[in-house]
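Working notes, beginning with the structure itself.
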Amino acid sequence: MLSRRYTLRAMSAALVGLGAASCAVNPLPELIPQGLGIALTPQPLTDPAVFNFALNLEYLEAEYYLRGVTGLGLADADIGPVPKAVTGGRRVAFQTPAIEEFMAEIAADERAHVQFLRRAIASTPLVQSSRPAIDLEASFRAAGEAAGLGPNFDPFADEDSFLLGAFIFEDVGVTAYNGAVKLIAQPVLLEAAAGILAVEAYHAGLIRAQLYSKGEDLIAKADKISAARDMLDGPVPTEEAPSASGGVIIAPCDQNGQAFKRTPQQVMNIAFLEPRANMDRGGFFPEGINGVVRHT
């Protein structure tokens, strides 16, 4: 298992075209008030800034699931005053009614997360809550190639591909919220974040279970995706793939049974499909993300 993981990491680096690029993660984010473009001295993030960072990820998830289930994305009322475009995404021809129902429920949850986070930061100055530019085509092709799934991975092609596409970022959402908990000061917002984290964990566990139920081919592909994510965000923590010698892994966690954490920089490394530091765009967000935390 270890030799395969190291092989996949090396292959992923070559396919992404990054060679021996450094995977170092800047421990402090660069804070840039939305619209000003002026770098400030790093300082603790405010609660609205943390929620605004999460909103970018929720936009991505909502657009992915809504387009896969309905063929349409978020409504105009949910994407802000100056939204950017979404490239790609179409309705999936699901073959399993239960899976289609699961995906529809997840789509509704992600839309609700977008709506809640927008309300939570609506009155905060210098916070841009509009949808960033999102790429659901080239990004997935690159992610699929990096994970060894071939050069033309399309998550909207069929039910199995849609599950694999969901797996690419579902665990990332869980670890992102878990990593953000210590940054939230207001109890009411901390409670809200914990509630969203719980729902995201349900989603991630469901996706893992469905992939496992599909058989060895999808399990192997999901394992490759897990290894590629490890390559993008650094070696610690090493994420557990959906399968292991002991059987299925539904909840990737540490020795204390607690979910792994990712920093904002690690999350952006994955979302940008870019392991290098100081990158501000790429992958699923070709023009970058909105908010005060923008660089890997």
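Letters A, B, ... go to the chains of the structure tokens in the order shown; residues in each chain start at 1; ligands are counted from 1 in the same order.
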
Within 9 Å of Pro286 in chain A using only C-alpha atoms, minus same-chain residues under 2 positions, as a PDB file with N, CA and C atoms, in the first residue's frame:
ATOM      1  N   PRO A 132     -17.392  33.082  -6.933  1.00  0.00           N
ATOM      2  CA  PRO A 132     -16.202  33.221  -7.773  1.00  0.00           C
ATOM      3  C   PRO A 132     -16.357  32.419  -9.058  1.00  0.00           C
ATOM      4  N   ALA A 133     -15.475  32.625  -9.999  1.00  0.00           N
ATOM      5  CA  ALA A 133     -15.468  31.807 -11.210  1.00  0.00           C
ATOM      6  C   ALA A 133     -15.150  30.364 -10.831  1.00  0.00           C
ATOM      7  N   ILE A 134     -15.940  29.425 -11.351  1.00  0.00           N
ATOM      8  CA  ILE A 134     -15.791  28.009 -11.028  1.00  0.00           C
ATOM      9  C   ILE A 134     -15.660  27.211 -12.311  1.00  0.00           C
ATOM     10  N   ASP A 135     -14.709  26.306 -12.348  1.00  0.00           N
ATOM     11  CA  ASP A 135     -14.483  25.451 -13.510  1.00  0.00           C
ATOM     12  C   ASP A 135     -14.791  24.012 -13.138  1.00  0.00           C
ATOM     13  N   SER A 139     -10.848  21.491 -14.721  1.00  0.00           N
ATOM     14  CA  SER A 139     -10.378  21.142 -13.383  1.00  0.00           C
ATOM     15  C   SER A 139     -10.496  19.649 -13.126  1.00  0.00           C
ATOM     16  N   PHE A 272      -6.972  24.487  -5.850  1.00  0.00           N
ATOM     17  CA  PHE A 272      -6.244  25.042  -7.001  1.00  0.00           C
ATOM     18  C   PHE A 272      -5.510  23.952  -7.775  1.00  0.00           C
ATOM     19  N   ARG A 281      -4.654  31.026  -7.651  1.00  0.00           N
ATOM     20  CA  ARG A 281      -5.729  30.596  -8.552  1.00  0.00           C
ATOM     21  C   ARG A 281      -5.360  29.280  -9.196  1.00  0.00           C
ATOM     22  N   GLY A 282      -6.354  28.681  -9.862  1.00  0.00           N
ATOM     23  CA  GLY A 282      -6.110  27.436 -10.571  1.00  0.00           C
ATOM     24  C   GLY A 282      -7.146  26.387 -10.236  1.00  0.00           C
ATOM     25  N   GLY A 283      -7.137  25.305 -10.971  1.00  0.00           N
ATOM     26  CA  GLY A 283      -8.031  24.191 -10.680  1.00  0.00           C
ATOM     27  C   GLY A 283      -9.485  24.581 -10.751  1.00  0.00           C
ATOM     28  N   PHE A 284     -10.196  24.340  -9.668  1.00  0.00           N
ATOM     29  CA  PHE A 284     -11.631  24.622  -9.616  1.00  0.00           C
ATOM     30  C   PHE A 284     -11.931  26.120  -9.565  1.00  0.00           C
ATOM     31  N   GLY A 288      -9.240  32.524  -8.921  1.00  0.00           N
ATOM     32  CA  GLY A 288      -9.030  32.680  -7.490  1.00  0.00           C
ATOM     33  C   GLY A 288     -10.341  32.682  -6.724  1.00  0.00           C
ATOM     34  N   ILE A 289     -10.245  32.905  -5.426  1.00  0.00           N
ATOM     35  CA  ILE A 289     -11.428  32.912  -4.564  1.00  0.00           C
ATOM     36  C   ILE A 289     -11.644  34.296  -3.970  1.00  0.00           C
TER      37      ILE A 289
END

I'd like to know which residues of range 26-250 of chain A are strand (DSSP E) (by DSSP, run on the backbone); could you write them as number ranges by chain? A: 86-87, 134-135, 243-244, 247-248

Write out as CSV the residues of range 40-76 of chain A that have any atom within 8 Å of an atom of range 180-188 of chain A, one row each with the nearest atom pair and its distance in Å to one decimal, counting only C-alpha atoms, sorted by chain and then rising number.
residue,atom,partner,partner_atom,distance
A:Pro44,CA,A:Leu183,CA,7.7
A:Leu45,CA,A:Leu183,CA,6.8
A:Thr46,CA,A:Ile184,CA,7.4
A:Asp47,CA,A:Ile184,CA,5.3
A:Val50,CA,A:Ala180,CA,7.1

Give me a file of those residues, with all heavy atoms, as a compact mmCIF listing (two decimals), in the first residue's frame.
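And here is the file that came out, result_30.txt:
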# COMPACT_ATOMS: atom_id res chain seq x y z
N PRO A 44 -4.91 37.63 13.21
CA PRO A 44 -5.96 36.61 13.34
C PRO A 44 -7.15 36.91 12.43
O PRO A 44 -7.57 38.05 12.28
CB PRO A 44 -6.34 36.72 14.82
CG PRO A 44 -5.12 37.27 15.49
CD PRO A 44 -4.54 38.23 14.48
N LEU A 45 -7.69 35.88 11.84
CA LEU A 45 -8.84 36.04 10.96
C LEU A 45 -10.09 36.34 11.78
O LEU A 45 -10.29 35.78 12.85
CB LEU A 45 -9.06 34.76 10.16
CG LEU A 45 -7.96 34.37 9.19
CD1 LEU A 45 -8.30 33.03 8.54
CD2 LEU A 45 -7.76 35.44 8.14
N THR A 46 -10.93 37.19 11.25
CA THR A 46 -12.22 37.45 11.89
C THR A 46 -13.19 36.35 11.52
O THR A 46 -13.01 35.63 10.54
CB THR A 46 -12.78 38.80 11.44
OG1 THR A 46 -13.03 38.74 10.02
CG2 THR A 46 -11.81 39.93 11.74
N ASP A 47 -14.26 36.22 12.29
CA ASP A 47 -15.27 35.20 11.99
C ASP A 47 -15.85 35.36 10.58
O ASP A 47 -15.99 34.37 9.86
CB ASP A 47 -16.39 35.25 13.03
CG ASP A 47 -15.92 34.74 14.40
OD1 ASP A 47 -14.78 34.24 14.48
OD2 ASP A 47 -16.69 34.84 15.37
N VAL A 50 -13.47 33.94 8.04
CA VAL A 50 -13.47 32.48 8.04
C VAL A 50 -14.68 31.95 7.29
O VAL A 50 -14.58 31.04 6.46
CB VAL A 50 -13.45 31.94 9.48
CG1 VAL A 50 -13.58 30.41 9.48
CG2 VAL A 50 -12.17 32.35 10.20

Could you give me, as a tab-separated table, every range 258-295 of chain A residue with an atom at most 10 Å from range 165-170 of chain A, plus its closest atom pair and distance in Å to one decimal, counting only C-alpha atoms, rows ordered by chain then number?
residue	atom	partner	partner_atom	distance
A:Val267	CA	A:Phe169	CA	9.5
A:Ile270	CA	A:Phe169	CA	8.2
A:Ala271	CA	A:Phe169	CA	8.0

Could you pull out the helix (DSSP H, G or I) residues of range 60-215 of chain A from DSSP and send them as an MDAnalysis selection string? chainID A and resid 60:70 76:78 97:121 138:146 159:183 187:213

Please write the residues from the selection above to a file, keeping C-alpha atoms, as a compact mmCIF listing (two decimals), in the first residue's frame.
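Below you can see part.txt, which holds the result:
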# COMPACT_ATOMS: atom_id res chain seq x y z
CA LEU A 60 -18.25 24.87 -5.57
CA GLU A 61 -20.12 22.01 -3.92
CA ALA A 62 -23.56 23.52 -4.52
CA GLU A 63 -22.89 24.13 -8.21
CA TYR A 64 -21.51 20.62 -8.65
CA TYR A 65 -24.41 18.78 -7.04
CA LEU A 66 -27.20 21.02 -8.35
CA ARG A 67 -25.96 20.78 -11.92
CA GLY A 68 -25.49 17.03 -11.64
CA VAL A 69 -28.99 16.47 -10.23
CA THR A 70 -31.04 19.15 -12.01
CA ASP A 76 -29.55 34.36 -9.16
CA ALA A 77 -30.64 35.30 -5.64
CA ASP A 78 -27.95 33.02 -4.18
CA PRO A 97 -32.77 5.75 -7.80
CA ALA A 98 -31.40 5.73 -4.25
CA ILE A 99 -28.14 7.36 -5.32
CA GLU A 100 -30.02 10.02 -7.27
CA GLU A 101 -32.08 10.76 -4.16
CA PHE A 102 -28.92 10.94 -2.04
CA MET A 103 -27.33 13.39 -4.46
CA ALA A 104 -30.49 15.51 -4.54
CA GLU A 105 -30.46 15.76 -0.75
CA ILE A 106 -26.79 16.75 -0.75
CA ALA A 107 -27.51 19.39 -3.41
CA ALA A 108 -30.26 20.88 -1.23
CA ASP A 109 -27.96 20.89 1.80
CA GLU A 110 -25.16 22.65 -0.09
CA ARG A 111 -27.55 25.28 -1.40
CA ALA A 112 -28.73 25.87 2.17
CA HIS A 113 -25.12 26.24 3.31
CA VAL A 114 -24.52 28.91 0.65
CA GLN A 115 -27.65 30.77 1.71
CA PHE A 116 -26.76 30.62 5.41
CA LEU A 117 -23.16 31.75 4.98
CA ARG A 118 -24.24 34.63 2.76
CA ARG A 119 -26.64 35.77 5.46
CA ALA A 120 -23.99 35.40 8.15
CA ILE A 121 -21.55 37.76 6.42
CA ALA A 138 -10.78 21.42 -17.14
CA SER A 139 -10.38 21.14 -13.38
CA PHE A 140 -11.81 17.64 -13.25
CA ARG A 141 -9.80 16.57 -16.28
CA ALA A 142 -6.64 17.75 -14.54
CA ALA A 143 -7.65 16.18 -11.24
CA GLY A 144 -8.48 12.89 -12.93
CA GLU A 145 -5.18 12.87 -14.79
CA ALA A 146 -3.25 13.70 -11.61
CA GLU A 159 -23.34 7.81 -11.95
CA ASP A 160 -19.99 6.22 -11.03
CA SER A 161 -18.01 9.18 -12.34
CA PHE A 162 -20.22 11.58 -10.39
CA LEU A 163 -19.48 9.72 -7.15
CA LEU A 164 -15.75 9.90 -7.89
CA GLY A 165 -16.03 13.62 -8.65
CA ALA A 166 -17.82 14.18 -5.35
CA PHE A 167 -15.12 12.25 -3.52
CA ILE A 168 -12.44 14.62 -4.85
CA PHE A 169 -13.65 17.43 -2.58
CA GLU A 170 -16.10 15.97 -0.02
CA ASP A 171 -13.46 15.01 2.55
CA VAL A 172 -11.80 18.37 1.94
CA GLY A 173 -14.91 20.18 3.18
CA VAL A 174 -14.96 18.17 6.40
CA THR A 175 -11.29 18.76 7.16
CA ALA A 176 -11.57 22.44 6.22
CA TYR A 177 -14.39 23.10 8.71
CA ASN A 178 -12.59 21.07 11.36
CA GLY A 179 -9.45 23.13 10.82
CA ALA A 180 -11.43 26.38 11.00
CA VAL A 181 -13.10 25.66 14.35
CA LYS A 182 -10.23 27.17 16.37
CA LEU A 183 -10.43 30.38 14.31
CA PRO A 187 -20.21 31.00 20.15
CA VAL A 188 -23.26 31.31 17.90
CA LEU A 189 -21.09 31.12 14.77
CA LEU A 190 -19.01 28.30 16.21
CA GLU A 191 -22.21 26.36 16.81
CA ALA A 192 -23.29 27.01 13.22
CA ALA A 193 -19.94 25.85 11.85
CA ALA A 194 -20.15 22.68 13.93
CA GLY A 195 -23.60 22.00 12.49
CA ILE A 196 -22.36 22.41 8.92
CA LEU A 197 -19.33 20.24 9.69
CA ALA A 198 -21.61 17.46 10.89
CA VAL A 199 -23.67 17.55 7.70
CA GLU A 200 -20.56 17.62 5.51
CA ALA A 201 -19.27 14.56 7.39
CA TYR A 202 -22.53 12.73 6.66
CA HIS A 203 -22.08 13.58 2.98
CA ALA A 204 -18.46 12.41 2.90
CA GLY A 205 -19.28 9.13 4.65
CA LEU A 206 -22.15 8.48 2.28
CA ILE A 207 -19.95 9.06 -0.77
CA ARG A 208 -17.32 6.69 0.59
CA ALA A 209 -19.94 4.03 1.33
CA GLN A 210 -21.45 4.27 -2.15
CA LEU A 211 -18.04 4.01 -3.79
CA TYR A 212 -17.21 0.97 -1.70
CA SER A 213 -20.50 -0.70 -2.56

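As for CA of Gly234 in chain A and CA of Asp154 in chain A, they are spaced 25.8 Å apart.
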
Residue nearest Asp217 in chain A - candidates A:Leu149, A:Val292, A:Ala49, A:Ala93, atoms counted: only C-alpha atoms: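 Using only C-alpha atoms, the shortest distance to Asp217 in chain A belongs to A:Leu149.
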
Just how far from CA of Arg131 in chain A is CA of Gly73 in chain A, in Å to one decimal?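 Interatomic distance here is 11.4 Å.
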
Quick one: of A:Cys253, A:Leu273, A:Leu55, A:Ala85, who's nearest to Val293 in chain A, counting only C-alpha atoms?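 Nearest candidate to Val293 in chain A out of A:Cys253, A:Leu273, A:Leu55, A:Ala85: A:Leu55.
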
So how many Å separate CA of Arg91 in chain A and CA of Leu72 in chain A, to one decimal?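 Between CA of Arg91 in chain A and CA of Leu72 in chain A the gap is 7.8 Å.
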